[in-house]
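Engineer: Sending over final-v9.pdb (PDB, C-alpha atoms).
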ATOM      1  CA  MET A 149     172.569-160.880  50.441  1.00  0.00           C
ATOM      2  CA  ILE A 150     174.600-161.699  53.539  1.00  0.00           C
ATOM      3  CA  LEU A 151     176.735-159.068  55.236  1.00  0.00           C
ATOM      4  CA  ILE A 152     179.428-160.294  57.600  1.00  0.00           C
ATOM      5  CA  LEU A 153     180.532-157.473  59.861  1.00  0.00           C
ATOM      6  CA  THR A 154     183.587-158.107  62.038  1.00  0.00           C
ATOM      7  CA  ARG A 155     185.938-155.870  63.977  1.00  0.00           C
ATOM      8  CA  GLU A 156     188.722-156.809  61.546  1.00  0.00           C
ATOM      9  CA  ASN A 157     186.648-155.412  58.653  1.00  0.00           C
ATOM     10  CA  SER A 158     185.764-152.157  60.384  1.00  0.00           C
ATOM     11  CA  THR A 159     187.372-148.843  61.128  1.00  0.00           C
ATOM     12  CA  TYR A 160     187.340-148.180  64.858  1.00  0.00           C
ATOM     13  CA  ASP A 161     187.135-144.614  66.161  1.00  0.00           C
ATOM     14  CA  ALA A 162     188.624-144.829  69.680  1.00  0.00           C
ATOM     15  CA  ALA A 163     187.501-141.301  70.573  1.00  0.00           C
ATOM     16  CA  THR A 164     183.798-142.099  70.021  1.00  0.00           C
ATOM     17  CA  LYS A 165     184.110-145.887  70.607  1.00  0.00           C
ATOM     18  CA  THR A 166     182.369-146.495  67.284  1.00  0.00           C
ATOM     19  CA  PHE A 167     182.898-149.216  64.686  1.00  0.00           C
ATOM     20  CA  TRP A 168     182.402-148.016  61.076  1.00  0.00           C
ATOM     21  CA  PHE A 169     181.725-150.310  58.111  1.00  0.00           C
ATOM     22  CA  ASN A 170     182.119-148.830  54.632  1.00  0.00           C
ATOM     23  CA  LEU A 171     179.985-150.135  51.777  1.00  0.00           C
ATOM     24  CA  ASP A 172     181.373-150.077  48.229  1.00  0.00           C
ATOM     25  CA  LYS A 173     177.902-149.309  46.945  1.00  0.00           C
ATOM     26  CA  GLN A 174     174.432-148.789  48.299  1.00  0.00           C
ATOM     27  CA  LEU A 175     172.419-151.850  49.297  1.00  0.00           C
ATOM     28  CA  ALA A 176     170.384-153.210  46.391  1.00  0.00           C
ATOM     29  CA  GLU A 177     166.963-151.602  45.958  1.00  0.00           C
ATOM     30  CA  ASN A 178     165.178-154.873  46.670  1.00  0.00           C
ATOM     31  CA  VAL A 179     166.807-155.217  50.121  1.00  0.00           C
ATOM     32  CA  LYS A 180     163.960-154.240  52.406  1.00  0.00           C
ATOM     33  CA  HIS A 181     164.963-156.099  55.581  1.00  0.00           C
ATOM     34  CA  LEU A 182     168.091-156.610  57.624  1.00  0.00           C
ATOM     35  CA  ARG A 183     168.270-159.723  59.744  1.00  0.00           C
ATOM     36  CA  PHE A 184     170.925-160.052  62.416  1.00  0.00           C
ATOM     37  CA  GLN A 185     171.482-163.762  62.848  1.00  0.00           C
ATOM     38  CA  THR A 186     174.201-163.430  65.477  1.00  0.00           C
ATOM     39  CA  PHE A 187     175.806-160.552  67.310  1.00  0.00           C
ATOM     40  CA  SER A 188     178.424-160.578  70.042  1.00  0.00           C
ATOM     41  CA  PHE A 189     180.482-158.115  72.049  1.00  0.00           C
ATOM     42  CA  ARG A 190     183.278-158.552  74.580  1.00  0.00           C
ATOM     43  CA  PRO A 191     183.928-155.423  76.710  1.00  0.00           C
ATOM     44  CA  SER A 192     187.582-154.684  77.334  1.00  0.00           C
ATOM     45  CA  THR A 193     187.740-151.750  79.715  1.00  0.00           C
ATOM     46  CA  VAL A 194     185.005-152.156  82.309  1.00  0.00           C
ATOM     47  CA  THR A 195     185.633-152.868  85.971  1.00  0.00           C
ATOM     48  CA  ALA A 196     182.123-154.177  86.667  1.00  0.00           C
ATOM     49  CA  PHE A 197     180.359-156.019  83.861  1.00  0.00           C
ATOM     50  CA  PRO A 198     176.812-154.756  83.196  1.00  0.00           C
ATOM     51  CA  HIS A 199     173.807-157.080  83.186  1.00  0.00           C
ATOM     52  CA  GLY A 200     173.299-156.300  79.480  1.00  0.00           C
ATOM     53  CA  VAL A 201     174.912-154.356  76.659  1.00  0.00           C
ATOM     54  CA  LEU A 202     172.974-152.194  74.205  1.00  0.00           C
ATOM     55  CA  VAL A 203     173.881-152.313  70.500  1.00  0.00           C
ATOM     56  CA  CYS A 204     173.399-148.853  68.980  1.00  0.00           C
ATOM     57  CA  SER A 205     173.557-147.475  65.440  1.00  0.00           C
ATOM     58  CA  LYS A 206     172.565-144.008  64.271  1.00  0.00           C
ATOM     59  CA  THR A 207     172.677-145.184  60.649  1.00  0.00           C
ATOM     60  CA  LEU A 208     170.362-148.161  61.150  1.00  0.00           C
ATOM     61  CA  THR A 209     167.997-146.197  63.384  1.00  0.00           C
ATOM     62  CA  ASN A 210     167.633-143.575  60.631  1.00  0.00           C
ATOM     63  CA  LEU A 211     167.207-146.302  58.001  1.00  0.00           C
ATOM     64  CA  SER A 212     164.577-148.231  59.961  1.00  0.00           C
ATOM     65  CA  MET A 213     161.012-147.975  58.656  1.00  0.00           C
ATOM     66  CA  LYS A 214     159.566-148.023  62.178  1.00  0.00           C
ATOM     67  CA  GLN A 215     160.777-146.716  65.496  1.00  0.00           C
ATOM     68  CA  HIS A 216     162.618-149.805  66.607  1.00  0.00           C
ATOM     69  CA  VAL A 217     163.237-149.370  70.346  1.00  0.00           C
ATOM     70  CA  ASN A 218     161.909-147.145  73.128  1.00  0.00           C
ATOM     71  CA  VAL A 219     163.712-146.806  76.428  1.00  0.00           C
ATOM     72  CA  LEU A 220     161.141-146.531  79.212  1.00  0.00           C
ATOM     73  CA  LYS A 221     162.153-144.347  82.155  1.00  0.00           C
ATOM     74  CA  ASP A 222     160.483-142.880  85.222  1.00  0.00           C
ATOM     75  CA  GLN A 223     160.222-139.487  83.527  1.00  0.00           C
ATOM     76  CA  GLY A 224     160.047-138.757  79.809  1.00  0.00           C
ATOM     77  CA  HIS A 225     158.860-142.282  79.102  1.00  0.00           C
ATOM     78  CA  ARG A 226     159.406-142.391  75.350  1.00  0.00           C
ATOM     79  CA  ASN A 227     162.965-141.384  74.647  1.00  0.00           C
ATOM     80  CA  ASP A 228     164.325-141.402  71.110  1.00  0.00           C
ATOM     81  CA  THR A 229     167.247-143.755  71.034  1.00  0.00           C
ATOM     82  CA  ASP A 230     169.781-145.301  68.682  1.00  0.00           C
ATOM     83  CA  VAL A 231     169.407-148.720  70.343  1.00  0.00           C
ATOM     84  CA  VAL A 232     169.085-151.593  67.871  1.00  0.00           C
ATOM     85  CA  ALA A 233     169.269-154.572  70.261  1.00  0.00           C
ATOM     86  CA  CYS A 234     170.169-155.714  73.749  1.00  0.00           C
ATOM     87  CA  LEU A 235     172.863-158.335  74.244  1.00  0.00           C
ATOM     88  CA  HIS A 236     172.897-160.622  77.289  1.00  0.00           C
ATOM     89  CA  LYS A 237     175.743-162.318  79.138  1.00  0.00           C
ATOM     90  CA  ASP A 238     176.348-165.632  77.444  1.00  0.00           C
ATOM     91  CA  LYS A 239     179.662-167.007  78.655  1.00  0.00           C
ATOM     92  CA  HIS A 240     181.470-165.435  81.529  1.00  0.00           C
ATOM     93  CA  ASN A 241     183.857-165.948  84.375  1.00  0.00           C
ATOM     94  CA  ASP A 242     185.962-163.507  86.383  1.00  0.00           C
ATOM     95  CA  LYS A 243     188.122-162.494  83.409  1.00  0.00           C
ATOM     96  CA  HIS A 244     186.139-163.152  80.217  1.00  0.00           C
ATOM     97  CA  VAL A 245     182.611-161.971  79.505  1.00  0.00           C
ATOM     98  CA  LEU A 246     180.817-162.354  76.164  1.00  0.00           C
ATOM     99  CA  TYR A 247     177.479-160.709  75.404  1.00  0.00           C
ATOM    100  CA  THR A 248     175.335-162.223  72.630  1.00  0.00           C
ATOM    101  CA  LEU A 249     172.026-161.754  70.850  1.00  0.00           C
ATOM    102  CA  ALA A 250     169.450-164.166  72.305  1.00  0.00           C
ATOM    103  CA  ALA A 251     167.416-164.557  69.082  1.00  0.00           C
ATOM    104  CA  PRO A 252     167.646-163.321  65.474  1.00  0.00           C
ATOM    105  CA  LEU A 253     166.536-159.727  64.932  1.00  0.00           C
ATOM    106  CA  THR A 254     164.869-158.328  61.807  1.00  0.00           C
ATOM    107  CA  MET A 255     164.616-154.640  60.865  1.00  0.00           C
ATOM    108  CA  ILE A 256     162.354-153.264  58.114  1.00  0.00           C
ATOM    109  CA  LEU A 257     164.217-150.663  56.066  1.00  0.00           C
ATOM    110  CA  ASP A 258     163.006-147.365  54.616  1.00  0.00           C
ATOM    111  CA  ARG A 259     164.650-147.455  51.185  1.00  0.00           C
ATOM    112  CA  ARG A 260     164.203-143.736  50.524  1.00  0.00           C
ATOM    113  CA  SER A 261     167.484-143.152  52.337  1.00  0.00           C
ATOM    114  CA  PHE A 262     170.971-143.609  50.928  1.00  0.00           C
ATOM    115  CA  VAL A 263     173.571-145.288  53.102  1.00  0.00           C
ATOM    116  CA  ASN A 264     177.210-146.082  52.361  1.00  0.00           C
ATOM    117  CA  ARG A 265     178.512-146.388  55.945  1.00  0.00           C
ATOM    118  CA  ILE A 266     177.098-148.275  58.907  1.00  0.00           C
ATOM    119  CA  ASP A 267     178.059-147.436  62.482  1.00  0.00           C
ATOM    120  CA  PHE A 268     177.821-149.561  65.613  1.00  0.00           C
ATOM    121  CA  PHE A 269     178.616-148.636  69.164  1.00  0.00           C
ATOM    122  CA  PHE A 270     177.938-150.392  72.444  1.00  0.00           C
ATOM    123  CA  THR A 271     176.742-148.979  75.746  1.00  0.00           C
ATOM    124  CA  ASP A 272     175.943-150.219  79.227  1.00  0.00           C
ATOM    125  CA  LEU A 273     172.320-149.927  80.335  1.00  0.00           C
ATOM    126  CA  GLN A 274     172.894-146.347  81.532  1.00  0.00           C
ATOM    127  CA  GLY A 275     174.101-145.235  78.075  1.00  0.00           C
ATOM    128  CA  ASN A 276     177.862-145.107  78.753  1.00  0.00           C
ATOM    129  CA  ARG A 277     179.847-146.154  75.685  1.00  0.00           C
ATOM    130  CA  LEU A 278     182.012-149.267  76.036  1.00  0.00           C
ATOM    131  CA  ASP A 279     185.330-150.319  74.481  1.00  0.00           C
ATOM    132  CA  GLY A 280     185.672-153.880  73.290  1.00  0.00           C
ATOM    133  CA  ASP A 281     185.508-156.371  70.430  1.00  0.00           C
TER
END
Please re-express this file's structure in C-alpha cells.
Structural biologist:
Amino acid sequence: MILILTRENSTYDAATKTFWFNLDKQLAENVKHLRFQTFSFRPSTVTAFPHGVLVCSKTLTNLSMKQHVNVLKDQGHRNDTDVVACLHKDKHNDKHVLYTLAAPLTMILDRRSFVNRIDFFFTDLQGNRLDGD
C-alpha cells in the first residue's frame, strides 16, 4: 500500500501548526512497516533558516514498535520526543529554502493500536514549531 500525503490532502491547524491526514479506515492488519520514500518541507515564516528541520508526529511515535529517536542534550540525555526524521537543506537561495529527507526511512509499527488520523508538524532544532508547506 502506498500513501501519498500532501498539504492539499490534509487539514491544517494554524493554531498548532499541525497537518492532519484522515484515514477512511484503519491500515490493513498486515501493514507492519511504514517507509517514507520522500519528504519535503518549505518554511514560510522564518527570518533565519535553521540548519535542519525536524519532522514530528505524535501518532506515528505512539504507533512505532520501538523508540524511534532520542534527542541527546547536555542534561537529561534521553528525552522522549515525537521526532520521526530530520530534514536537511536541499535547494536554497536567499528567498527559497527546501528541506528534504536524505534517505528513505522505515518505521516498524505496533499493530495493537488503532489509528484513523495521522499528524505531522515541523520544528527547528530547538523545538519551535514552523509554518510552511
Engineer: Any idea what's packed within 10 Å of Thr166 (chain A), counting all atoms listed in the file, ignoring anything in its chain fewer than 4 positions away? Could you give it as a list in words?
Structural biologist: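 What passes the distance filter is Ser158, Thr159, Tyr160, Asp161, Ala162, Cys204, Ser205, Asp267, Phe268, Phe269, Phe270, Arg277, Leu278 and Asp279 of chain A.
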Engineer: Tell me, as a list in words, which residues lie within 9 Å of Asp272 (chain A), counting all atoms listed in the file; anything in the same chain fewer than 4 positions away does not count.
Structural biologist: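 Counting all atoms listed in the file, the residues come to Phe197, Pro198, His199, Gly200, Val201, Leu202, Asn276, Arg277 and Leu278 of chain A.
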Engineer: Restricting the calculation to only C-alpha atoms, which member of A:Val203, A:Leu249, A:Cys234, A:Leu208 is positioned closest to Thr186 (chain A)?
Structural biologist: A:Leu249
Engineer: So which residues touch Lys180 (chain A) within 9 Å, counting all atoms listed in the file, skipping near sequence neighbours fewer than 2 positions away, as a ChimeraX atom specification?
Structural biologist: /A:176-178,182,255-259
Engineer: Of the residues A:Ser188, A:Asn264, A:Asn170, A:Asn157, which is the one nearest to Lys237 (chain A), using all atoms listed in the file?
Structural biologist: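 Checking each of A:Ser188, A:Asn264, A:Asn170, A:Asn157 against Lys237 (chain A), counting all atoms listed in the file, the winner is A:Ser188.
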Engineer: Name the residues that the PyMOL selection byres ((chain A and resi 173) around 10) picks from the file above, as a tab-separated table (two decimals) with C-alpha atoms, in the frame of the given file, using the file's chain letters and numbers.
Structural biologist:
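Saved result, out35.tsv, follows:
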chain	number	residue	atom	x	y	z
A	170	ASN	CA	182.12	-148.83	54.63
A	171	LEU	CA	179.98	-150.14	51.78
A	172	ASP	CA	181.37	-150.08	48.23
A	174	GLN	CA	174.43	-148.79	48.30
A	175	LEU	CA	172.42	-151.85	49.30
A	176	ALA	CA	170.38	-153.21	46.39
A	262	PHE	CA	170.97	-143.61	50.93
A	263	VAL	CA	173.57	-145.29	53.10
A	264	ASN	CA	177.21	-146.08	52.36
A	265	ARG	CA	178.51	-146.39	55.94
